[in-house]
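K.L.:
Here you go, one structure.
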Amino acid sequence: MGLIIIGVMLVICIFVAILVIVLKLSKEDIKLQVAATCEGKNELEQAIIKIYFTFSIGKLASRKKEIIGSVDWSEGWMPVSYNLKEQGVYEEERLLVLKDEDTYATFEFDATNAVDAQGQGEGYVVLVLENPTNDTSFRAGIVLAVTANMVTYQLSDSTSWNNEFVVNH
């Protein structure tokens, strides 16, 4: 009787160990990284920041999927456009349309073209300093919602920069 209990406990321990290893490895495959780059000023003398993002969805790349992105930003900044690397190259920038919200905007993209065979992709969002404020630091965040097999995975990351970073460029 004791041998059966030890055998069952051993099987449960092996199962739990395999499950933990698989979950740990799959989490490393799914990630998002965000960075800000100052691009100078536009013709209206507004500072321009590009928020670059790279992402990996790992094994979800081989499944049917939908991806929706959103960007949020600090007061005074306004998103104007976004661009995604599709089939390895950046195409035309697309305008970001704000719908009754002044704190975030959403954008959709074709997951078939924007994600390579390894499950990786990249893009950027352009922000302009529309209403300068007295704040010394600003931030922007990107959230990607990846839906595959009726399960949604949410990836998020943010970046920040100080006022001098913008003024000195």
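By convention in this document, the chains of the structure tokens carry letters A, B, ... by their order, each chain's residues are numbered from 1, and ligands are numbered from 1 in the order they are shown.
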Might you pull out every residue within 7 Å of stretch 125-137 of chain A, with only C-alpha atoms counted and same-chain residues fewer than 4 positions away left off, and present them as an MDAnalysis selection string?
P.N.:
chainID A and resid 46:52 76:83 160:163
K.L.:
Give me the residues within 8 Å of A:Val146 as a PDB file with C-alpha atoms, in the first residue's frame, counting only C-alpha atoms and dropping any in the same chain fewer than 2 places off.
P.N.:
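Okay, this is what ended up in part.pdb:
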```pdb
ATOM      1  CA  LYS A  65      -4.283  35.366 -34.108  1.00  0.00           C
ATOM      2  CA  GLU A  66      -5.480  38.944 -33.815  1.00  0.00           C
ATOM      3  CA  ILE A  67      -3.387  41.761 -32.375  1.00  0.00           C
ATOM      4  CA  ILE A  68      -4.628  45.115 -31.145  1.00  0.00           C
ATOM      5  CA  LEU A 144      -0.512  44.728 -27.135  1.00  0.00           C
ATOM      6  CA  ALA A 148      -5.042  33.216 -30.173  1.00  0.00           C
ATOM      7  CA  THR A 152      -5.970  36.863 -24.917  1.00  0.00           C
ATOM      8  CA  TYR A 153      -2.421  37.582 -23.800  1.00  0.00           C
ATOM      9  CA  GLN A 154      -1.669  41.160 -22.751  1.00  0.00           C
ATOM     10  CA  LEU A 155       1.854  42.515 -23.156  1.00  0.00           C
TER      11      LEU A 155
END
```
K.L.:
Under the rule that only C-alpha atoms are counted, which of A:Gly7, A:Lys59, A:Ala117, A:Gly123 is the nearest residue to A:Arg94?
P.N.:
A:Gly123
K.L.:
For A:Gly141, list every protein, DNA or RNA residue within 7 Å, evaluated using only C-alpha atoms, and leave out those in the same chain fewer than 4 positions away; present the list as an NGL selection string.
P.N.:
:A and (71-73 or 157-159)
K.L.:
Work out how far apart atom CA of A:Ile18 and atom CA of A:Ala61 are and give it in Å to one decimal.
P.N.:
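Atom CA of A:Ile18 sits 22.9 Å away from atom CA of A:Ala61.
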K.L.:
Which of these, A:Cys38, A:Ile14, A:Leu96, A:Leu84, has the shortest distance to A:Thr54 once you count only C-alpha atoms?
P.N.:
A:Leu84
K.L.:
Looking only at the backbone, which of the residues in chain A does DSSP tag as alpha helix (DSSP H), as a ChimeraX atom specification?
P.N.:
/A:2-29,111-114,163-167
K.L.:
Could you jot down the atom CA of A:Gln120 to atom CA of A:Asp29 separation for me, Å, one decimal place?
P.N.:
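So the two atoms, atom CA of A:Gln120 and atom CA of A:Asp29, lie 9.6 Å apart.
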K.L.:
Please identify which residues in stretch 27-98 of chain A DSSP calls strand (DSSP E or B) from the backbone, and express them as a VMD selection string.
P.N.:
chain A and resid 30 to 41 47 to 57 65 to 73 77 to 86 89 to 90 94 to 95
K.L.:
For each of A:Glu45, A:Glu75, A:Glu39, A:Glu86, take the minimum atom-to-atom distance to A:Asp110, counting only C-alpha atoms, then give the residue where this is smallest.
P.N.:
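Using only C-alpha atoms, A:Asp110 sits closest to A:Glu86.
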K.L.:
A:Met1, A:Ala105, A:Ile142, A:Ala111: which is nearest A:Ile57, counting only C-alpha atoms?
P.N.:
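Closest to A:Ile57, using only C-alpha atoms: A:Ala111.
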